[in-house]
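Report on one structure; see the data block that follows.
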Amino acid sequence: MRLLSARLSARRRHPLAGLVVLLLGLGIAGGLYATVAPKPAEANAAQQELVADGRKLFLVGCASCHGKNAEGIMNASGSQQGPPLIGVGAAAVDFQVSTGRMPMAQTGAQAPRKDPLYTDEQTEALAAFVASLGPGPAIPAAEDYDYEDATEEEIVRGGELWRTNCTACHNFNASGGALPDGKYAPSLVGVDAKHMYEAMQIGPQQMPVFSDNVMTPEDKRNVIAYVKHLEQQDQPNPGGFALGSLGPVSEGLFGWIVGIGGLVIVTVWITGHGARVKK
Amino acid sequence: MSQQSKINAPKSVSGPVTWLDDRTGLANLANKKFLRKVFPDHWSFMLGEIALWSFVILLLTGVFLTFWFKPSMAEVEYHGSYELLRGLHMSDAYSSTLDISFDVRAGLLMRQVHHWAAILFIAAMMVHMLRILFTGAFRKPREINYVIGSLLLMLGILEGFAGYSLPDDLLSGTGLRIAEGLIRSVPVVGTYTSFFAFGGEFPGDDMIPRLYMLHILLIPGLLIALVTAHLVLLYYHKHTQWPGPGRTNRNVVGEPFLPIYTAKAGGFFFIIFGVTSLMGALLQINPVWKYGPYNPSEVTAGSQPDWYMGIAEGLLRIMPGWETEVFGYTLSWNVLLPGVVAPGVLFTIALLYPFIEQWITGDKREHHLLQRPRNAPSRTAFIVSLMTVYGLLWFAGGNDIIALKFDLDLNWITRFMRVLIFIGPPIAFIITKRICLGLQRADRERALHGFETGIIMRAPSGEYTERHAPLSSTETWKLVSHEQYDRPELEPAVDENGVANPASRRSRLRSKVWAFWYDDDVTNVSREELEEAHSHTDGHHRAEGTEVEGADEPSELEPKH
Amino acid sequence: MSDHEIEVHDGQAGRPMDNPGLEKHHPRPTDVDPQMEKRAERQVATLFGLATLLTLGFCVAYFAVPLDASFLGWQANNLALGLTIGLALLFIGMGLIHWSRTLMNDHDIAEDRHPIASTPAARESSLAALSEGGSDSGIGRRPMIRNSLLGALGVLGLPAIVALRDLGTMPAGRPSRTVWEKGMRVVNDVTGAPIKVSDIEIGQLINAEPDVLVENEEDDPDGEENLEGHDLLNAKGKAAVIVVRIDPAKINARKARQNWGIDGVLCYSKICTHVGCPISLYEQTTHHLLCPCHQSTFDLAKDGEVIFGPAARALPQLPLAVDDEGYLIAQRDFEEPVGPSFWERGGEEDRSA
């Protein structure tokens with residue numbers, strides 16, 4: 001203890017000591033302020049700041065395809081370089097950016113999921129900016145997609161909705177499926193509940209919209225609960241390795257390779273003549 | 001009975017045998033010839049056994065499953081152990097399948113073993129059939145057994161499809177829906193047949209009980225009868241054998257049924273049962289609980305049949321959308337051709353092949369020695385081209401999974417397949433035939449000039465040559481013992497009375513087909529060529545015999561005297 | 001064939017060399033080395049012993065491992081039972097084969113073949129028996145009896161077909177109709193909630209059903225009973241629909257169909273015209289609909305026309321209207337049969353309406 005204080009006191013004249021004290025003080029003051037300050041007025045100001053930050057990020061990272069005012073850009077051949085983003089809402093930005101789909105690394109049939117390029121704060125700022133351009137779905141609140149305490153009945157209901165609306169593209173086990181012309185419905189295994197919720201709301205890329213009036217927030221939450229339980233139940237694959245959960249194609253492949261392949265090796269052993277003694 | 005004492009059999013054996021024979025006279029049948037029947041050893045002769053034993057496993061596990069499965073489409077509410085479906089309305093068939101999987105101990109294992117064994121059963125029948133075709137084992141006197149085998153394959157596929165449909169999950173219902181579409185496409189009687197099969201409109205509530213009867217009674221009954229006939233004929237004909245030293249068309253060389261093949265075949269049964277059980281323990285198959293109960297307004301990506309229906313699936317996928325109206329009636333070629341006609345044509349070609357080949361060669365003799373695939377180049381190439389069709393259709397049937405897993409364009413796979421299905425088989429035919437002819441030529445070289453020792457010799461003149469050493473007579477025999485056909489003689493255009501001979505045109509056609517089939521074959525070495533070559537290499541051999549013997553060549557290639 | 005012919009074809013005649021005869025038998029290590037022999041014996045017995053233990057393990061696992069226990073997310077019971085019995089069976093098989101390969105007498109035996117055909121004498125005697133039986137019965141001399149018997153037996157095939165008649169009901173035009181009728185509400189599948197045009201966004205997909213097929217809170221507005229059991233499934237198999245909303249500027253519908261949608265809200269049959277899979281892979285940006293079974297692709301902005309794949313006919317469209325409360329209803333049933341083609345389906349003319 002003595003040693004520590006001795007050291008501290010020895011360093012109090014260090015050139016950076018002042019800065020450390022300053023930062024510490026600011027941090028404590030800011031933390032205190034944040035807890036006691038009246039929220040709405042502050043929020044408004046912070047919101048404006050956020051929008052401004054978002055705008056800056058947008059001009060740097062997004063405007064080349066979506067236009068300076070997010071009005072969309074047509075390229076020379078008349079097809080869309082980037083679609084207009086006015087009215088797509090914060091949910092769309094949050095979905096596209098925080099799953100790494102935007103910004104796209106290259107143009108292609110479909111933007112693939114990858115590591116996000118922007119931090120959470122930057123994504124929030126971008127979303128705030130795009131949301132300020134026109135009304136659209138907001139980022140869902142955590143309780144909207146909180147599937148943890150869904151009842152069994154709700155999960156079963158979610159399963160029915162899932163099989164009716166989702167499996168045709170995403171496959172029974174959420175393993176994904178192919179779409180025309182090189183596009184695909186991605187696998188939903190390990191996807192955040194929030195992103196699933198947003199995807200249903202906004203209909204990203206080829207995916208159709210499942211608006212709140214038709215598929216209610218409870219319905220959406222039930223679907224998410226079903227998909228999450230598919231992978232999180234005690235026995236997600238009671239029968240063993242799931243072989244990709246792609247249906248009979250992969251099963252047939254394993255039957256031929258492991259089954260017939262393995263047994264043919266056995267036939268060679270059974271009928272082989274083995275070592276001989278030569279005289 | 002008094003003779004018994006002459007044979008050195010323990011009392012524990014002779015006692016029951018005497019007792020049984022006194023009452024049945026079975027010893028007349030199960031005599032030494034029967035019990036010590038000789039089977040030749042080759043791995044490819046065991047392929048049919050995989051099918052046989054898979055079938056036995058199917059019967060055993062199938063009986064277990066019938067104790068709990070309820071073949072009924074009556075609606076029930078599910079209250080079993082699988083939480084994600086609890087409270088849903090579903091058919092009794094689906095609900096009892098869930099019970100087997102989650103509430104009956106060893107139920108899931110039996111289901112999975114049953115399904116894996118079914119996949120193996122049909123796959124093994126198919127590779128067995130390919131072995132028969134590639135080696136010419138279908139030739140006289142085995143044509144009937146070939147036909148029986150083909151029927152077994154067809155019945156096995158039907159049996160598999162019926163089983164796939166029984167659990168009444170989303171996938172099996174989708175399969176039935178497609179089957180209904182295929183039935184409907186048949187002109188004139190299609191709609192009626194569909195209504196009779198399903199007891200009215202699709203899906204109705206009759207289909208599962210009916211398929212169940214087919215699956216556990218009618219088709220297995222036929223399968224058992226045909227398998228029995230297949231085995232009886234196999235026993236009666238005795239197994240074919242590869243050409244080799246001491247093997248002729250009039251004997252069969254190998255090991256006796258008792259005890260060697262009893263142990264080998266019996267052991268193989270246990271191994272196959274063990275492998276399918278391990279697959280059932282480790283590899284999940286047909287997780288019906290994830291598909292959900294059948295509902296005609298639901299579907300899943302990756303809706304495919306089991307592999308053996310894959311070619312029909314592939315054909316359906318690559319067929320262009322053709323349909324014609326004839327006098328107000330609809331003919332949907334887009335379903336009829338791929339779903340009904342094409343599988344029938346493929347199957348008929350395979351079924352008739354032995355008879356077609358017999359017509360080309362005009363060979364009516366018995367054959368018990370197999371042909372190496374290279375020594376029947378056109379046949380081998382033809383089978384490979386059929387396999388190419390089959391493989392391409394498999395690929396087309398899984399186009400969505402392939403597109404997804406390999407980042408390919410679904411539509412382009414389909415377009416590509418539409419072309420490849422026509423140009424692929426001829427290319428495969430040509431390539432395979434060239435490979436066979438190349439191998440024949442290499443065989444001929446080896447027979448005449450021996451094997452390459454890898455020893456480079458330098459002559460005094462400075463010339464480098466590789467020394468060839470002669471093959472053993474055993475090895476040479478394997479290379480040269482095959483038989484080749486002569487071109488059939490043409491019938492005269494007019495008979496002896498000067499009247500046009502109707503047989504003449506047929507014989508000319510036959511001669512042309514013969515030429516296409518056999519003309520390119522590399523002529524086997526003649527006795528003179530062989531003798532001349534041997535006198536040459538033997539001289540060589542004598543001169544440097546000791547050195548060659550000293551070279552580290554596998555000694556079984558040495559002549560054995 | 002006669003003995004003579006098989007003699008000619010003994011696999012030797014005309015060959016470039018003589019058959020060298022059976023190879024000498026070489027003994028195995030276990031034949032000459034008693035230690036190796038003992039070892040092989042022990043190996044076989046060990047395999048059988050392990051199999052016994054594993055089989056007993058199966059019986060223990062059956063009672064000891066509960067069905068709801070999981071291992072790596074698998075059913076532990078299935079795994080334990082499968083591994084024990086699988087390995088037990090495998091070891092029995094391996095033991096038997098190892099025994100036969102190492103310890104049983106492995107000398108090759110050559111067994112003679114005989115021609116498959118009977119001897120000419122046997123063949124003649126059976127032919128003689130046949131003709132004796134024939135002449136004893138007089139079947140050749142009495143064509144009237146023969147022909148009438150053949151007739152009677154031939155007709156027996158008919159009951160076998162006729163008696164199958166009650167397998168199913170007659171089609172009676174049912175494949176051409178669905179439960180849709182004028183004024184029936186289009187409701188959400190599963191939830192049964194009715195749909196307002198204003199609820200649907202551009203790019204939306206709704207998997208929908210006729211009101212009578214789904215239970216919902218405000219059931220039976222026109223006093224109709226909901227269908228149940230297989231009646232429900234039969235009806236669903238034809239009446240399932242999808243509702244989409246496409247930017248009206250992008251819709252390129254035939255003139256006769258221009259009042260079938262409402263502000264870009266269109267309703268199509270969900271049953272593929274190829275072989276009847278439910279199709280709902282909807283791509284909102286291209287407004288294409290893909291069938292997951294065989295990849296027929298339909299353009300919903302152009303009357304459901306086929307643009308790719310094996311389907312031959314456009315997807316039938318359901319004409320929509322709005323009821324007093326603002327909910328989507330059907331104007332009438334589909335104007336053509338839904339689902340796969342069939343012989344009696346009829347020609348193009350009934351599509352022209």
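In the structure tokens, each chain is lettered A, B, ... as it comes, each chain's residues begin at 1, and ligands are numbered from 1 in order of appearance.
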
So which residues touch Met102 in chain A within 12 Å, counting only C-alpha atoms, skipping near sequence neighbours fewer than 2 positions away, as a ChimeraX atom specification? /A:58,61-62,65-66,82,92-100,104-107,110-118,123,126,204-205

List as a PyMOL selection string the protein and nucleic acid residues near range 76-86 of chain B, meaning an atom at most 9 Å away when only C-alpha atoms are counted, but skip any in the same chain fewer than 6 places from it. (chain A and resi 152-153+155-157+159-160+226+229-230) or (chain B and resi 92+95+98-99+102-103+289-290+292-293) or (chain C and resi 68)

Given only C-alpha atoms as the basis, pick out the residue of B:Glu325, B:Gly156, B:Ala442, B:Leu331 nearest to Val188 in chain B.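 Checking each of B:Glu325, B:Gly156, B:Ala442, B:Leu331 against Val188 in chain B, counting only C-alpha atoms, the winner is B:Leu331.
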
Taking only C-alpha atoms into account, produce a table as a Markdown table in which each residue of chain A with an atom at most 7 Å from an atom of chain C appears once, together with its shortest atom pair and the distance in Å to one decimal, ordered by chain and rising number.
| residue | atom | partner | partner_atom | distance |
| --- | --- | --- | --- | --- |
| A:Glu160 | CA | C:Val190 | CA | 6.7 |
| A:Leu161 | CA | C:Val190 | CA | 6.4 |
| A:Thr164 | CA | C:Asn207 | CA | 7.0 |
| A:Asn165 | CA | C:Asn207 | CA | 6.4 |
| A:Ala168 | CA | C:Leu281 | CA | 5.9 |
| A:Cys169 | CA | C:Leu281 | CA | 5.6 |
| A:Gln206 | CA | C:Glu283 | CA | 4.6 |
| A:Met207 | CA | C:Glu283 | CA | 5.9 |
| A:Pro208 | CA | C:Gln284 | CA | 5.1 |
| A:Val209 | CA | C:Gln204 | CA | 4.2 |
| A:Phe210 | CA | C:Gln204 | CA | 5.9 |
| A:Ser211 | CA | C:Glu201 | CA | 6.8 |
| A:Asn213 | CA | C:Asp199 | CA | 5.4 |
| A:Val214 | CA | C:Asp199 | CA | 6.4 |
| A:Asp234 | CA | C:Gly73 | CA | 5.9 |
| A:Gln235 | CA | C:Gly73 | CA | 4.3 |
| A:Pro236 | CA | C:Gly73 | CA | 5.5 |
| A:Asn237 | CA | C:Trp74 | CA | 5.2 |
| A:Pro238 | CA | C:Trp74 | CA | 4.0 |
| A:Gly239 | CA | C:Trp74 | CA | 6.0 |
| A:Gly240 | CA | C:Trp74 | CA | 5.4 |
| A:Ile270 | CA | C:Ile97 | CA | 6.5 |
| A:Ala275 | CA | C:Arg28 | CA | 6.3 |
| A:Arg276 | CA | C:Arg28 | CA | 4.6 |
| A:Val277 | CA | C:Arg28 | CA | 5.5 |
| A:Lys278 | CA | C:His26 | CA | 6.4 |

Residue selection dump (C-alpha atoms) as an mmCIF file, in the first residue's frame:
data_model
loop_
_atom_site.group_PDB
_atom_site.id
_atom_site.type_symbol
_atom_site.label_atom_id
_atom_site.label_comp_id
_atom_site.auth_asym_id
_atom_site.auth_seq_id
_atom_site.Cartn_x
_atom_site.Cartn_y
_atom_site.Cartn_z
ATOM 1 C CA GLU A 160 -46.722 -22.251 -37.967
ATOM 2 C CA LEU A 161 -46.033 -18.737 -39.203
ATOM 3 C CA THR A 164 -46.154 -20.682 -43.911
ATOM 4 C CA ASN A 165 -44.156 -17.544 -44.608
ATOM 5 C CA ALA A 168 -39.989 -21.585 -48.754
ATOM 6 C CA CYS A 169 -36.871 -19.406 -48.977
ATOM 7 C CA GLN A 206 -35.144 -9.485 -52.409
ATOM 8 C CA MET A 207 -36.995 -10.285 -49.232
ATOM 9 C CA PRO A 208 -40.630 -9.216 -49.172
ATOM 10 C CA VAL A 209 -41.950 -6.912 -46.475
ATOM 11 C CA PHE A 210 -43.970 -8.337 -43.585
ATOM 12 C CA SER A 211 -45.448 -5.099 -42.288
ATOM 13 C CA ASN A 213 -50.207 -4.428 -39.677
ATOM 14 C CA VAL A 214 -50.225 -7.800 -41.384
ATOM 15 C CA ASP A 234 -31.798 -29.104 -25.513
ATOM 16 C CA GLN A 235 -31.601 -31.413 -28.484
ATOM 17 C CA PRO A 236 -31.408 -29.303 -31.643
ATOM 18 C CA ASN A 237 -30.420 -32.404 -33.607
ATOM 19 C CA PRO A 238 -31.547 -35.469 -31.677
ATOM 20 C CA GLY A 239 -30.431 -37.867 -34.387
ATOM 21 C CA GLY A 240 -26.772 -36.838 -34.606
ATOM 22 C CA ILE A 270 -13.417 -59.615 -46.860
ATOM 23 C CA ALA A 275 -0.314 -61.879 -46.453
ATOM 24 C CA ARG A 276 1.174 -65.126 -47.734
ATOM 25 C CA VAL A 277 4.265 -67.026 -46.824
ATOM 26 C CA LYS A 278 6.382 -67.685 -49.863
#

Neighbours of Glu251 in chain A within 9 Å (only C-alpha atoms; same-chain residues fewer than 5 positions away dropped), as number ranges by chain? A: 243, 246, 256; B: 116, 119, 283-286, 306-307

Sorted by chain and rising residue number, which residues of chain B lie within 8 Å of chain A, and what are their closest atom pairs and distances in Å to one decimal, counting only C-alpha atoms, as JSON lines?
{"residue": "B:Asp41", "atom": "CA", "partner": "A:Thr271", "partner_atom": "CA", "distance": 5.4}
{"residue": "B:His42", "atom": "CA", "partner": "A:Thr271", "partner_atom": "CA", "distance": 5.5}
{"residue": "B:Trp43", "atom": "CA", "partner": "A:Val268", "partner_atom": "CA", "distance": 4.9}
{"residue": "B:Ser44", "atom": "CA", "partner": "A:Thr267", "partner_atom": "CA", "distance": 7.5}
{"residue": "B:Met46", "atom": "CA", "partner": "A:Thr267", "partner_atom": "CA", "distance": 6.1}
{"residue": "B:Leu47", "atom": "CA", "partner": "A:Val264", "partner_atom": "CA", "distance": 7.4}
{"residue": "B:Ile50", "atom": "CA", "partner": "A:Leu263", "partner_atom": "CA", "distance": 7.7}
{"residue": "B:Glu83", "atom": "CA", "partner": "A:Glu152", "partner_atom": "CA", "distance": 7.0}
{"residue": "B:Leu84", "atom": "CA", "partner": "A:Val156", "partner_atom": "CA", "distance": 5.3}
{"residue": "B:Leu85", "atom": "CA", "partner": "A:Val156", "partner_atom": "CA", "distance": 5.5}
{"residue": "B:Arg86", "atom": "CA", "partner": "A:Val156", "partner_atom": "CA", "distance": 6.7}
{"residue": "B:Gly87", "atom": "CA", "partner": "A:Glu153", "partner_atom": "CA", "distance": 7.5}
{"residue": "B:Leu88", "atom": "CA", "partner": "A:Val156", "partner_atom": "CA", "distance": 7.5}
{"residue": "B:Leu108", "atom": "CA", "partner": "A:Gly239", "partner_atom": "CA", "distance": 7.1}
{"residue": "B:Leu109", "atom": "CA", "partner": "A:Gly239", "partner_atom": "CA", "distance": 7.7}
{"residue": "B:Gln112", "atom": "CA", "partner": "A:Gly239", "partner_atom": "CA", "distance": 7.6}
{"residue": "B:Trp116", "atom": "CA", "partner": "A:Gly255", "partner_atom": "CA", "distance": 6.8}
{"residue": "B:Ile119", "atom": "CA", "partner": "A:Gly255", "partner_atom": "CA", "distance": 6.3}
{"residue": "B:Leu120", "atom": "CA", "partner": "A:Gly255", "partner_atom": "CA", "distance": 6.4}
{"residue": "B:Ala123", "atom": "CA", "partner": "A:Trp256", "partner_atom": "CA", "distance": 7.1}
{"residue": "B:Ala124", "atom": "CA", "partner": "A:Ile260", "partner_atom": "CA", "distance": 6.9}
{"residue": "B:Lys264", "atom": "CA", "partner": "A:Ile270", "partner_atom": "CA", "distance": 6.7}
{"residue": "B:Ile272", "atom": "CA", "partner": "A:Leu263", "partner_atom": "CA", "distance": 7.3}
{"residue": "B:Val275", "atom": "CA", "partner": "A:Gly259", "partner_atom": "CA", "distance": 7.4}
{"residue": "B:Thr276", "atom": "CA", "partner": "A:Gly259", "partner_atom": "CA", "distance": 7.6}
{"residue": "B:Gly280", "atom": "CA", "partner": "A:Gly239", "partner_atom": "CA", "distance": 7.2}
{"residue": "B:Ala281", "atom": "CA", "partner": "A:Gly240", "partner_atom": "CA", "distance": 6.4}
{"residue": "B:Leu282", "atom": "CA", "partner": "A:Gly240", "partner_atom": "CA", "distance": 4.4}
{"residue": "B:Leu283", "atom": "CA", "partner": "A:Gly240", "partner_atom": "CA", "distance": 4.7}
{"residue": "B:Gln284", "atom": "CA", "partner": "A:Gly239", "partner_atom": "CA", "distance": 4.2}
{"residue": "B:Ile285", "atom": "CA", "partner": "A:Glu251", "partner_atom": "CA", "distance": 6.5}
{"residue": "B:Asn286", "atom": "CA", "partner": "A:Gly247", "partner_atom": "CA", "distance": 7.0}
{"residue": "B:Pro287", "atom": "CA", "partner": "A:Gly239", "partner_atom": "CA", "distance": 7.7}
{"residue": "B:Lys290", "atom": "CA", "partner": "A:Phe172", "partner_atom": "CA", "distance": 6.2}
{"residue": "B:Tyr291", "atom": "CA", "partner": "A:Phe172", "partner_atom": "CA", "distance": 5.8}
{"residue": "B:Gly292", "atom": "CA", "partner": "A:Arg163", "partner_atom": "CA", "distance": 7.7}
{"residue": "B:Ser297", "atom": "CA", "partner": "A:Thr164", "partner_atom": "CA", "distance": 6.9}
{"residue": "B:Glu298", "atom": "CA", "partner": "A:Thr164", "partner_atom": "CA", "distance": 5.0}
{"residue": "B:Val299", "atom": "CA", "partner": "A:Ala168", "partner_atom": "CA", "distance": 5.3}
{"residue": "B:Thr300", "atom": "CA", "partner": "A:Ala168", "partner_atom": "CA", "distance": 4.2}
{"residue": "B:Ala301", "atom": "CA", "partner": "A:Asn171", "partner_atom": "CA", "distance": 4.4}
{"residue": "B:Gly302", "atom": "CA", "partner": "A:Gly247", "partner_atom": "CA", "distance": 5.9}
{"residue": "B:Ser303", "atom": "CA", "partner": "A:Gly247", "partner_atom": "CA", "distance": 6.9}
{"residue": "B:Gln304", "atom": "CA", "partner": "A:Pro248", "partner_atom": "CA", "distance": 5.9}
{"residue": "B:Pro305", "atom": "CA", "partner": "A:Pro248", "partner_atom": "CA", "distance": 6.2}
{"residue": "B:Asp306", "atom": "CA", "partner": "A:Pro248", "partner_atom": "CA", "distance": 5.3}
{"residue": "B:Trp307", "atom": "CA", "partner": "A:Gly252", "partner_atom": "CA", "distance": 5.2}
{"residue": "B:Gly398", "atom": "CA", "partner": "A:Val249", "partner_atom": "CA", "distance": 6.4}
{"residue": "B:Asp400", "atom": "CA", "partner": "A:Ala178", "partner_atom": "CA", "distance": 5.4}
{"residue": "B:Ile401", "atom": "CA", "partner": "A:Ala178", "partner_atom": "CA", "distance": 6.9}
{"residue": "B:Ala403", "atom": "CA", "partner": "A:Ala178", "partner_atom": "CA", "distance": 6.2}
{"residue": "B:Leu404", "atom": "CA", "partner": "A:Ala178", "partner_atom": "CA", "distance": 5.1}
{"residue": "B:Asp407", "atom": "CA", "partner": "A:Gly182", "partner_atom": "CA", "distance": 6.9}
{"residue": "B:Leu408", "atom": "CA", "partner": "A:Gly182", "partner_atom": "CA", "distance": 5.7}
{"residue": "B:Asp409", "atom": "CA", "partner": "A:Gly182", "partner_atom": "CA", "distance": 3.8}
{"residue": "B:Leu410", "atom": "CA", "partner": "A:Pro180", "partner_atom": "CA", "distance": 5.7}
{"residue": "B:Asn411", "atom": "CA", "partner": "A:Asp181", "partner_atom": "CA", "distance": 5.7}
{"residue": "B:Trp412", "atom": "CA", "partner": "A:Asp181", "partner_atom": "CA", "distance": 7.5}

Just list as a PyMOL selection string whatever in range 52-114 of chain B DSSP marks as helix (DSSP H, G or I). chain B and resi 52-66+83-85+92-102+107-114

Mind writing the picked residues with C-alpha atoms as a tab-separated table (two decimals), in the first residue's frame?
chain	number	residue	atom	x	y	z
B	52	LEU	CA	-29.59	-58.37	-49.56
B	53	TRP	CA	-28.52	-57.63	-46.00
B	54	SER	CA	-29.87	-54.08	-46.11
B	55	PHE	CA	-33.18	-55.64	-47.05
B	56	VAL	CA	-33.04	-57.95	-44.04
B	57	ILE	CA	-32.24	-54.96	-41.83
B	58	LEU	CA	-35.20	-53.12	-43.36
B	59	LEU	CA	-37.49	-56.03	-42.49
B	60	LEU	CA	-36.22	-56.19	-38.91
B	61	THR	CA	-36.34	-52.46	-38.17
B	62	GLY	CA	-39.57	-52.11	-40.14
B	63	VAL	CA	-41.34	-54.63	-37.93
B	64	PHE	CA	-40.23	-52.65	-34.88
B	65	LEU	CA	-41.61	-49.43	-36.35
B	66	THR	CA	-45.01	-50.97	-37.14
B	83	GLU	CA	-42.14	-28.92	-27.49
B	84	LEU	CA	-41.98	-26.99	-30.73
B	85	LEU	CA	-45.03	-28.73	-32.17
B	92	ASP	CA	-52.12	-39.52	-36.55
B	93	ALA	CA	-49.39	-40.78	-38.86
B	94	TYR	CA	-47.21	-37.74	-38.23
B	95	SER	CA	-47.96	-37.65	-34.53
B	96	SER	CA	-47.05	-41.32	-34.11
B	97	THR	CA	-43.82	-40.74	-36.06
B	98	LEU	CA	-42.95	-38.01	-33.56
B	99	ASP	CA	-43.78	-40.42	-30.73
B	100	ILE	CA	-41.47	-43.03	-32.22
B	101	SER	CA	-38.72	-40.40	-32.41
B	102	PHE	CA	-39.12	-38.82	-28.97
B	107	GLY	CA	-37.46	-45.57	-31.68
B	108	LEU	CA	-35.40	-42.80	-33.20
B	109	LEU	CA	-32.53	-45.25	-33.71
B	110	MET	CA	-34.80	-47.72	-35.50
B	111	ARG	CA	-36.26	-44.98	-37.68
B	112	GLN	CA	-32.84	-43.72	-38.65
B	113	VAL	CA	-31.41	-47.19	-39.23
B	114	HIS	CA	-34.48	-48.04	-41.33

Atomic separation - CA of Cys436 in chain B relative to CA of Leu22 in chain C, Å: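 It comes out at 28.0 Å.
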
When you look at Val186 in chain B with a cut-off of 8 Å (counting only C-alpha atoms), what residues show up, excluding the ones that are within fewer than 6 positions of it in the same chain? I need them as a ChimeraX atom specification. /B:331,336,340 /C:342-343

File of the preceding selection, all heavy atoms, as a short mmCIF file (atom, residue, chain, number, x, y, z; two decimals), in the first residue's frame:
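File selection18.cif, as written:
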data_model
loop_
_atom_site.label_atom_id
_atom_site.label_comp_id
_atom_site.auth_asym_id
_atom_site.auth_seq_id
_atom_site.Cartn_x
_atom_site.Cartn_y
_atom_site.Cartn_z
N LEU B 331 -52.48 -31.70 -72.88
CA LEU B 331 -51.38 -32.65 -72.79
C LEU B 331 -50.18 -31.90 -72.23
O LEU B 331 -49.60 -31.05 -72.90
CB LEU B 331 -51.03 -33.16 -74.18
CG LEU B 331 -51.50 -34.55 -74.56
CD1 LEU B 331 -51.16 -34.82 -76.00
CD2 LEU B 331 -50.89 -35.59 -73.65
N LEU B 336 -45.44 -34.95 -68.27
CA LEU B 336 -45.57 -36.32 -68.77
C LEU B 336 -44.22 -36.89 -69.22
O LEU B 336 -43.85 -38.00 -68.85
CB LEU B 336 -46.56 -36.31 -69.94
CG LEU B 336 -46.95 -37.66 -70.50
CD1 LEU B 336 -47.73 -38.46 -69.47
CD2 LEU B 336 -47.77 -37.51 -71.77
N VAL B 340 -43.05 -39.37 -66.39
CA VAL B 340 -43.64 -40.67 -66.65
C VAL B 340 -42.89 -41.39 -67.77
O VAL B 340 -42.49 -42.55 -67.62
CB VAL B 340 -45.14 -40.52 -67.02
CG1 VAL B 340 -45.77 -41.88 -67.22
CG2 VAL B 340 -45.87 -39.74 -65.94
N PHE C 342 -54.28 -31.12 -66.25
CA PHE C 342 -54.83 -32.46 -66.35
C PHE C 342 -55.59 -32.54 -67.67
O PHE C 342 -55.91 -31.52 -68.28
CB PHE C 342 -55.71 -32.80 -65.15
CG PHE C 342 -56.74 -31.76 -64.82
CD1 PHE C 342 -58.04 -31.87 -65.28
CD2 PHE C 342 -56.40 -30.65 -64.05
CE1 PHE C 342 -58.98 -30.92 -64.98
CE2 PHE C 342 -57.36 -29.69 -63.75
CZ PHE C 342 -58.65 -29.82 -64.22
N TRP C 343 -55.86 -33.73 -68.08
CA TRP C 343 -56.40 -34.00 -69.41
C TRP C 343 -57.65 -33.18 -69.72
O TRP C 343 -57.77 -32.53 -70.74
CB TRP C 343 -56.70 -35.50 -69.50
CG TRP C 343 -57.30 -35.97 -70.78
CD1 TRP C 343 -58.55 -36.48 -70.95
CD2 TRP C 343 -56.68 -36.02 -72.07
NE1 TRP C 343 -58.75 -36.85 -72.25
CE2 TRP C 343 -57.61 -36.57 -72.96
CE3 TRP C 343 -55.41 -35.63 -72.55
CZ2 TRP C 343 -57.34 -36.75 -74.31
CZ3 TRP C 343 -55.14 -35.82 -73.89
CH2 TRP C 343 -56.10 -36.37 -74.75
#

Range 52-292 of chain C: residues DSSP assigns to strand (DSSP E or B), reported as a ChimeraX atom specification: /C:70-71,74-75,109-112,185-188,194,196,204-210,241-245,262,265-269,271,278,281-283,288-290

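Closest approach to His367 in chain B among C:Ser126, C:Pro115, C:Gly134, C:Ser269: C:Pro115, based on only C-alpha atoms.
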